[in-house]
Amino acid sequence: MSDIDLLRSIVTIYPDFPKPGVSFLDIFPIFRDPVAFETMITHFIYHITSHTVPKSVRKKVDVVVGLDARGFLIGPLIALRLGAAFVPVRKKGKLPGPCKQTSYEKEYGSDTFEMQDGAIRHGQNVIVVDDLIATALRPSLGGSASAAGALVRMHGGNILEYLFIVEISALRKNWTIEDPVYSIIQE
C-alpha cells in the first residue's frame, strides 16, 4: 500500500457535520496512528526537498507557517526537519504584542487572522501548512489559507508553496492563485 493510500484509508468522513450538507473530513485518526503520522510527515518532507526546494532560487525554506489550529499539529514538525522557523497564524486576539491582521470569509461566516510583527523577514522563503483546502486562495474570495498568504506577503515573505493534508478537488476550479499548492489526499 502506498503512503497516500494508507493515509486516505485512515481519514474518516462524517456527513452532515457540523451542519446539514457539509461533509467533515476527520484527519485526527492519522495522529492516533504513529506509523501513519510518521508517513504523513515524511511524505511532506520528501515532497518539499525533492520538488519545492529545487525550484526555489535560494534552495531553502526559511519559515513554515501553520494555520490555527490544525496547522500547529504538522507545521512545527515540518519546520524542525527542514531546519526552518515555525510561525503560527492565529485567530484575532490570541497572540501577544503588535500583530498584522487580515480578515477572510469562510463557510460559516467571517474571521480574522493575525501574525506577530517581525515573525517573517523580507525575502524569507515560506511554506504555509494546514489540514484542508476547500475554498479559494484569494482574499476577495475568502479562505483561511488565502488570509495566511496575505499575512506572509505583508511581512515581505516569499511563498514557495501551500501544503495540505486533504484537498477538496471539486473546488479547485474556483481557486485563483499564484503560488503552488500540494496536497497528499485529493477527495
# chains A, B, ... in the order shown; residues from 1 in each chain; ligands from 1
$ select_by_dssp --residues "range 4-162 of chain A" --states "strand (DSSP E or B)" --output "number ranges by chain"
A: 12-15, 23-26, 63-67, 85-91, 99-106, 109-116, 125-133, 138, 142, 158-162
$ write_last_selection --atoms "N, CA and C atoms" --output "compact mmCIF listing (two decimals), in the first residue's frame"
# COMPACT_ATOMS: atom_id res chain seq x y z
N THR A 12 -11.43 9.81 8.07
CA THR A 12 -12.83 9.44 8.23
C THR A 12 -13.72 10.60 7.76
N ILE A 13 -14.78 10.26 7.04
CA ILE A 13 -15.72 11.28 6.57
C ILE A 13 -17.00 11.19 7.39
N TYR A 14 -17.44 12.34 7.92
CA TYR A 14 -18.68 12.45 8.68
C TYR A 14 -19.65 13.34 7.91
N PRO A 15 -20.67 12.73 7.28
CA PRO A 15 -21.64 13.55 6.55
C PRO A 15 -22.50 14.39 7.50
N SER A 23 -19.82 17.78 4.61
CA SER A 23 -19.14 16.54 4.98
C SER A 23 -17.81 16.90 5.63
N PHE A 24 -17.60 16.42 6.85
CA PHE A 24 -16.40 16.73 7.61
C PHE A 24 -15.37 15.62 7.41
N LEU A 25 -14.16 15.99 6.97
CA LEU A 25 -13.08 15.03 6.81
C LEU A 25 -12.22 15.08 8.06
N ASP A 26 -12.26 14.01 8.84
CA ASP A 26 -11.56 13.95 10.11
C ASP A 26 -10.16 13.38 9.92
N VAL A 63 10.95 29.56 6.68
CA VAL A 63 9.85 29.61 7.64
C VAL A 63 8.73 28.68 7.19
N VAL A 64 8.17 27.96 8.16
CA VAL A 64 6.95 27.20 7.94
C VAL A 64 5.86 27.90 8.75
N VAL A 65 4.80 28.31 8.07
CA VAL A 65 3.68 28.98 8.71
C VAL A 65 2.56 27.95 8.88
N GLY A 66 2.06 27.82 10.11
CA GLY A 66 0.96 26.90 10.40
C GLY A 66 -0.28 27.67 10.78
N LEU A 67 -1.41 27.26 10.21
CA LEU A 67 -2.69 27.92 10.48
C LEU A 67 -3.35 27.36 11.73
N ALA A 85 12.27 28.00 10.78
CA ALA A 85 11.48 28.55 11.88
C ALA A 85 10.02 28.15 11.69
N PHE A 86 9.29 28.10 12.80
CA PHE A 86 7.83 27.91 12.74
C PHE A 86 7.16 29.19 13.19
N VAL A 87 6.18 29.65 12.41
CA VAL A 87 5.42 30.86 12.75
C VAL A 87 3.94 30.52 12.74
N PRO A 88 3.25 30.74 13.86
CA PRO A 88 1.81 30.48 13.88
C PRO A 88 1.00 31.65 13.35
N VAL A 89 -0.09 31.33 12.69
CA VAL A 89 -1.11 32.30 12.32
C VAL A 89 -2.30 31.97 13.19
N ARG A 90 -2.73 32.95 14.01
CA ARG A 90 -3.79 32.68 14.99
C ARG A 90 -4.98 33.57 14.76
N LYS A 91 -6.07 33.16 15.37
CA LYS A 91 -7.26 33.99 15.33
C LYS A 91 -7.03 35.26 16.15
N CYS A 99 0.66 42.97 16.07
CA CYS A 99 0.37 41.96 15.04
C CYS A 99 -0.18 42.62 13.79
N LYS A 100 0.09 41.99 12.66
CA LYS A 100 -0.60 42.35 11.43
C LYS A 100 -1.82 41.43 11.35
N GLN A 101 -2.89 41.92 10.71
CA GLN A 101 -4.09 41.10 10.63
C GLN A 101 -4.77 41.25 9.28
N THR A 102 -5.55 40.24 8.96
CA THR A 102 -6.36 40.25 7.75
C THR A 102 -7.62 39.42 8.01
N SER A 103 -8.71 39.83 7.39
CA SER A 103 -9.98 39.13 7.55
C SER A 103 -10.25 38.26 6.33
N TYR A 104 -11.06 37.24 6.53
CA TYR A 104 -11.41 36.33 5.44
C TYR A 104 -12.80 35.77 5.67
N GLU A 105 -13.39 35.30 4.59
CA GLU A 105 -14.70 34.67 4.65
C GLU A 105 -14.53 33.16 4.69
N LYS A 106 -15.37 32.48 5.43
CA LYS A 106 -15.37 31.02 5.45
C LYS A 106 -16.81 30.54 5.34
N GLY A 109 -19.18 32.06 8.07
CA GLY A 109 -19.11 33.46 8.45
C GLY A 109 -17.74 34.03 8.15
N SER A 110 -17.36 35.10 8.83
CA SER A 110 -16.05 35.71 8.61
C SER A 110 -15.20 35.57 9.87
N ASP A 111 -13.89 35.73 9.70
CA ASP A 111 -12.96 35.63 10.81
C ASP A 111 -11.74 36.49 10.49
N THR A 112 -10.88 36.69 11.48
CA THR A 112 -9.66 37.47 11.30
C THR A 112 -8.48 36.67 11.80
N PHE A 113 -7.42 36.65 11.00
CA PHE A 113 -6.16 36.00 11.37
C PHE A 113 -5.14 37.07 11.70
N GLU A 114 -4.19 36.72 12.58
CA GLU A 114 -3.09 37.62 12.93
C GLU A 114 -1.76 36.87 12.90
N MET A 115 -0.70 37.64 12.67
CA MET A 115 0.67 37.16 12.75
C MET A 115 1.47 38.24 13.45
N GLN A 116 2.34 37.84 14.37
CA GLN A 116 3.14 38.82 15.10
C GLN A 116 4.05 39.58 14.14
N ASN A 125 11.91 32.64 2.48
CA ASN A 125 11.11 31.63 1.78
C ASN A 125 10.18 30.95 2.77
N VAL A 126 8.91 30.86 2.42
CA VAL A 126 7.88 30.40 3.33
C VAL A 126 7.04 29.29 2.71
N ILE A 127 6.72 28.30 3.53
CA ILE A 127 5.73 27.28 3.18
C ILE A 127 4.59 27.44 4.17
N VAL A 128 3.35 27.41 3.68
CA VAL A 128 2.15 27.55 4.51
C VAL A 128 1.49 26.17 4.60
N VAL A 129 1.21 25.71 5.84
CA VAL A 129 0.62 24.37 6.01
C VAL A 129 -0.69 24.43 6.80
N ASP A 130 -1.60 23.55 6.39
CA ASP A 130 -2.87 23.37 7.09
C ASP A 130 -3.41 21.99 6.76
N ASP A 131 -4.51 21.65 7.37
CA ASP A 131 -5.06 20.31 7.17
C ASP A 131 -5.85 20.17 5.89
N LEU A 132 -6.62 21.19 5.50
CA LEU A 132 -7.60 21.05 4.43
C LEU A 132 -7.68 22.31 3.59
N ILE A 133 -7.73 22.12 2.28
CA ILE A 133 -8.02 23.24 1.38
C ILE A 133 -9.34 22.92 0.67
N ARG A 138 -7.78 33.39 -2.53
CA ARG A 138 -7.68 34.81 -2.85
C ARG A 138 -8.50 35.57 -1.83
N GLY A 142 -12.17 34.67 -0.16
CA GLY A 142 -12.23 34.04 1.15
C GLY A 142 -11.23 32.92 1.30
N ASN A 158 8.27 35.31 0.82
CA ASN A 158 8.11 34.71 -0.49
C ASN A 158 7.49 33.32 -0.30
N ILE A 159 6.23 33.15 -0.73
CA ILE A 159 5.56 31.87 -0.55
C ILE A 159 6.04 30.90 -1.61
N LEU A 160 6.67 29.80 -1.16
CA LEU A 160 7.11 28.76 -2.08
C LEU A 160 5.96 27.83 -2.44
N GLU A 161 5.11 27.53 -1.42
CA GLU A 161 4.04 26.56 -1.66
C GLU A 161 3.10 26.53 -0.46
N TYR A 162 1.86 26.14 -0.75
CA TYR A 162 0.87 25.82 0.28
C TYR A 162 0.80 24.30 0.35
$ residues_around --residues "Arg81 in chain A" --least-positions-apart "6" --cutoff "10 Å" --atoms "only C-alpha atoms" --output "ChimeraX atom specification"
/A:41-42,45
$ write_last_selection --atoms "all heavy atoms" --output "PDB file, in the first residue's frame"
ATOM      1  N   ILE A  41       4.270  12.996   7.684  1.00  0.00           N
ATOM      2  CA  ILE A  41       5.337  13.992   7.818  1.00  0.00           C
ATOM      3  C   ILE A  41       6.467  13.692   6.834  1.00  0.00           C
ATOM      4  O   ILE A  41       6.969  14.592   6.152  1.00  0.00           O
ATOM      5  CB  ILE A  41       5.853  14.053   9.271  1.00  0.00           C
ATOM      6  CG1 ILE A  41       4.741  14.509  10.222  1.00  0.00           C
ATOM      7  CG2 ILE A  41       7.085  14.963   9.375  1.00  0.00           C
ATOM      8  CD1 ILE A  41       4.167  15.882   9.927  1.00  0.00           C
ATOM      9  N   THR A  42       6.848  12.423   6.732  1.00  0.00           N
ATOM     10  CA  THR A  42       7.916  12.039   5.803  1.00  0.00           C
ATOM     11  C   THR A  42       7.513  12.326   4.359  1.00  0.00           C
ATOM     12  O   THR A  42       8.335  12.784   3.556  1.00  0.00           O
ATOM     13  CB  THR A  42       8.271  10.552   5.989  1.00  0.00           C
ATOM     14  OG1 THR A  42       8.710  10.357   7.335  1.00  0.00           O
ATOM     15  CG2 THR A  42       9.361  10.114   5.030  1.00  0.00           C
ATOM     16  N   ILE A  45       7.978  16.041   3.812  1.00  0.00           N
ATOM     17  CA  ILE A  45       9.401  16.381   3.747  1.00  0.00           C
ATOM     18  C   ILE A  45       9.989  15.957   2.408  1.00  0.00           C
ATOM     19  O   ILE A  45      10.740  16.711   1.777  1.00  0.00           O
ATOM     20  CB  ILE A  45      10.183  15.765   4.924  1.00  0.00           C
ATOM     21  CG1 ILE A  45       9.685  16.332   6.261  1.00  0.00           C
ATOM     22  CG2 ILE A  45      11.696  15.966   4.764  1.00  0.00           C
ATOM     23  CD1 ILE A  45       9.790  17.840   6.394  1.00  0.00           C
TER      24      ILE A  45
END
$ atom_distance --atom1 "CA of Asp3 in chain A" --atom2 "CA of Phe31 in chain A"
14.5 Å
$ closest_residue --among "A:Ser50, A:Gln124, A:Ser9, A:Ser144" --to "Ala36 in chain A" --atoms "only C-alpha atoms"
A:Ser9
$ select_by_dssp --residues "range 11-163 of chain A" --states "helix (DSSP H, G or I)" --output "PyMOL selection string"
chain A and resi 28-32+34-55+71-82+144-154
$ atom_distance --atom1 "CA of Lys60 in chain A" --atom2 "CA of Ile74 in chain A"
18.7 Å
$ residues_around --residues "Ile10 in chain A" --least-positions-apart "2" --cutoff "7 Å" --atoms "only C-alpha atoms" --output "list in words"
Leu6, Leu7, Arg8, Thr12, Pro29 and Ile30 of chain A
$ atom_distance --atom1 "CA of Val166 in chain A" --atom2 "CA of Val11 in chain A"
9.2 Å
$ decode --residues "range 95-107 of chain A" --atoms "all heavy atoms" --output "compact mmCIF listing (two decimals), in the first residue's frame"
# COMPACT_ATOMS: atom_id res chain seq x y z
N LEU A 95 -2.56 36.30 20.01
CA LEU A 95 -1.10 36.49 20.03
C LEU A 95 -0.76 37.77 20.78
O LEU A 95 -1.43 38.79 20.60
CB LEU A 95 -0.55 36.58 18.60
CG LEU A 95 -0.57 35.31 17.78
CD1 LEU A 95 -0.21 35.61 16.32
CD2 LEU A 95 0.39 34.28 18.35
N PRO A 96 0.31 37.75 21.58
CA PRO A 96 0.73 38.98 22.29
C PRO A 96 1.51 39.91 21.37
O PRO A 96 2.05 39.50 20.36
CB PRO A 96 1.64 38.43 23.40
CG PRO A 96 2.24 37.19 22.82
CD PRO A 96 1.15 36.60 21.94
N GLY A 97 1.57 41.16 21.78
CA GLY A 97 2.37 42.16 21.07
C GLY A 97 1.72 42.64 19.79
O GLY A 97 0.62 42.22 19.44
N PRO A 98 2.44 43.51 19.08
CA PRO A 98 1.91 44.04 17.82
C PRO A 98 1.77 42.94 16.78
O PRO A 98 2.65 42.09 16.64
CB PRO A 98 2.96 45.07 17.39
CG PRO A 98 3.86 45.27 18.54
CD PRO A 98 3.73 44.09 19.44
N CYS A 99 0.66 42.97 16.07
CA CYS A 99 0.37 41.96 15.04
C CYS A 99 -0.18 42.62 13.79
O CYS A 99 -0.84 43.65 13.87
CB CYS A 99 -0.67 40.96 15.55
SG CYS A 99 -0.14 39.95 16.93
N LYS A 100 0.09 41.99 12.66
CA LYS A 100 -0.60 42.35 11.43
C LYS A 100 -1.82 41.43 11.35
O LYS A 100 -1.80 40.31 11.83
CB LYS A 100 0.31 42.14 10.24
CG LYS A 100 1.48 43.11 10.19
CD LYS A 100 2.24 43.00 8.90
CE LYS A 100 3.42 43.91 8.77
NZ LYS A 100 3.64 44.95 9.69
N GLN A 101 -2.89 41.92 10.71
CA GLN A 101 -4.09 41.10 10.63
C GLN A 101 -4.77 41.25 9.28
O GLN A 101 -4.57 42.22 8.56
CB GLN A 101 -5.06 41.43 11.76
CG GLN A 101 -5.61 42.82 11.77
CD GLN A 101 -6.61 43.02 12.90
OE1 GLN A 101 -7.75 43.33 12.64
NE2 GLN A 101 -6.18 42.86 14.14
N THR A 102 -5.55 40.24 8.96
CA THR A 102 -6.36 40.25 7.75
C THR A 102 -7.62 39.42 8.01
O THR A 102 -7.59 38.47 8.78
CB THR A 102 -5.58 39.71 6.52
OG1 THR A 102 -6.35 39.95 5.35
CG2 THR A 102 -5.27 38.24 6.65
N SER A 103 -8.71 39.83 7.39
CA SER A 103 -9.98 39.13 7.55
C SER A 103 -10.25 38.26 6.33
O SER A 103 -9.75 38.53 5.23
CB SER A 103 -11.13 40.11 7.76
OG SER A 103 -10.95 40.80 8.98
N TYR A 104 -11.06 37.24 6.53
CA TYR A 104 -11.41 36.33 5.44
C TYR A 104 -12.80 35.77 5.67
O TYR A 104 -13.31 35.77 6.79
CB TYR A 104 -10.38 35.20 5.31
CG TYR A 104 -10.30 34.30 6.52
CD1 TYR A 104 -10.96 33.07 6.53
CD2 TYR A 104 -9.56 34.64 7.65
CE1 TYR A 104 -10.89 32.24 7.63
CE2 TYR A 104 -9.49 33.82 8.75
CZ TYR A 104 -10.15 32.61 8.73
OH TYR A 104 -10.09 31.78 9.82
N GLU A 105 -13.39 35.30 4.59
CA GLU A 105 -14.70 34.67 4.65
C GLU A 105 -14.53 33.16 4.69
O GLU A 105 -13.63 32.63 4.05
CB GLU A 105 -15.55 35.05 3.44
CG GLU A 105 -15.87 36.53 3.35
CD GLU A 105 -16.68 37.03 4.52
OE1 GLU A 105 -17.62 36.33 4.94
OE2 GLU A 105 -16.36 38.12 5.03
N LYS A 106 -15.37 32.48 5.43
CA LYS A 106 -15.37 31.02 5.45
C LYS A 106 -16.81 30.54 5.34
O LYS A 106 -17.73 31.35 5.27
CB LYS A 106 -14.69 30.50 6.72
CG LYS A 106 -15.25 31.05 8.01
CD LYS A 106 -14.42 30.59 9.18
CE LYS A 106 -15.07 31.00 10.49
NZ LYS A 106 -14.38 30.50 11.63
N GLU A 107 -16.97 29.22 5.31
CA GLU A 107 -18.30 28.64 5.10
C GLU A 107 -19.32 29.13 6.12
O GLU A 107 -20.50 29.25 5.81
CB GLU A 107 -18.24 27.11 5.17
CG GLU A 107 -17.37 26.46 4.13
CD GLU A 107 -15.90 26.38 4.54
OE1 GLU A 107 -15.51 26.95 5.57
OE2 GLU A 107 -15.14 25.75 3.81
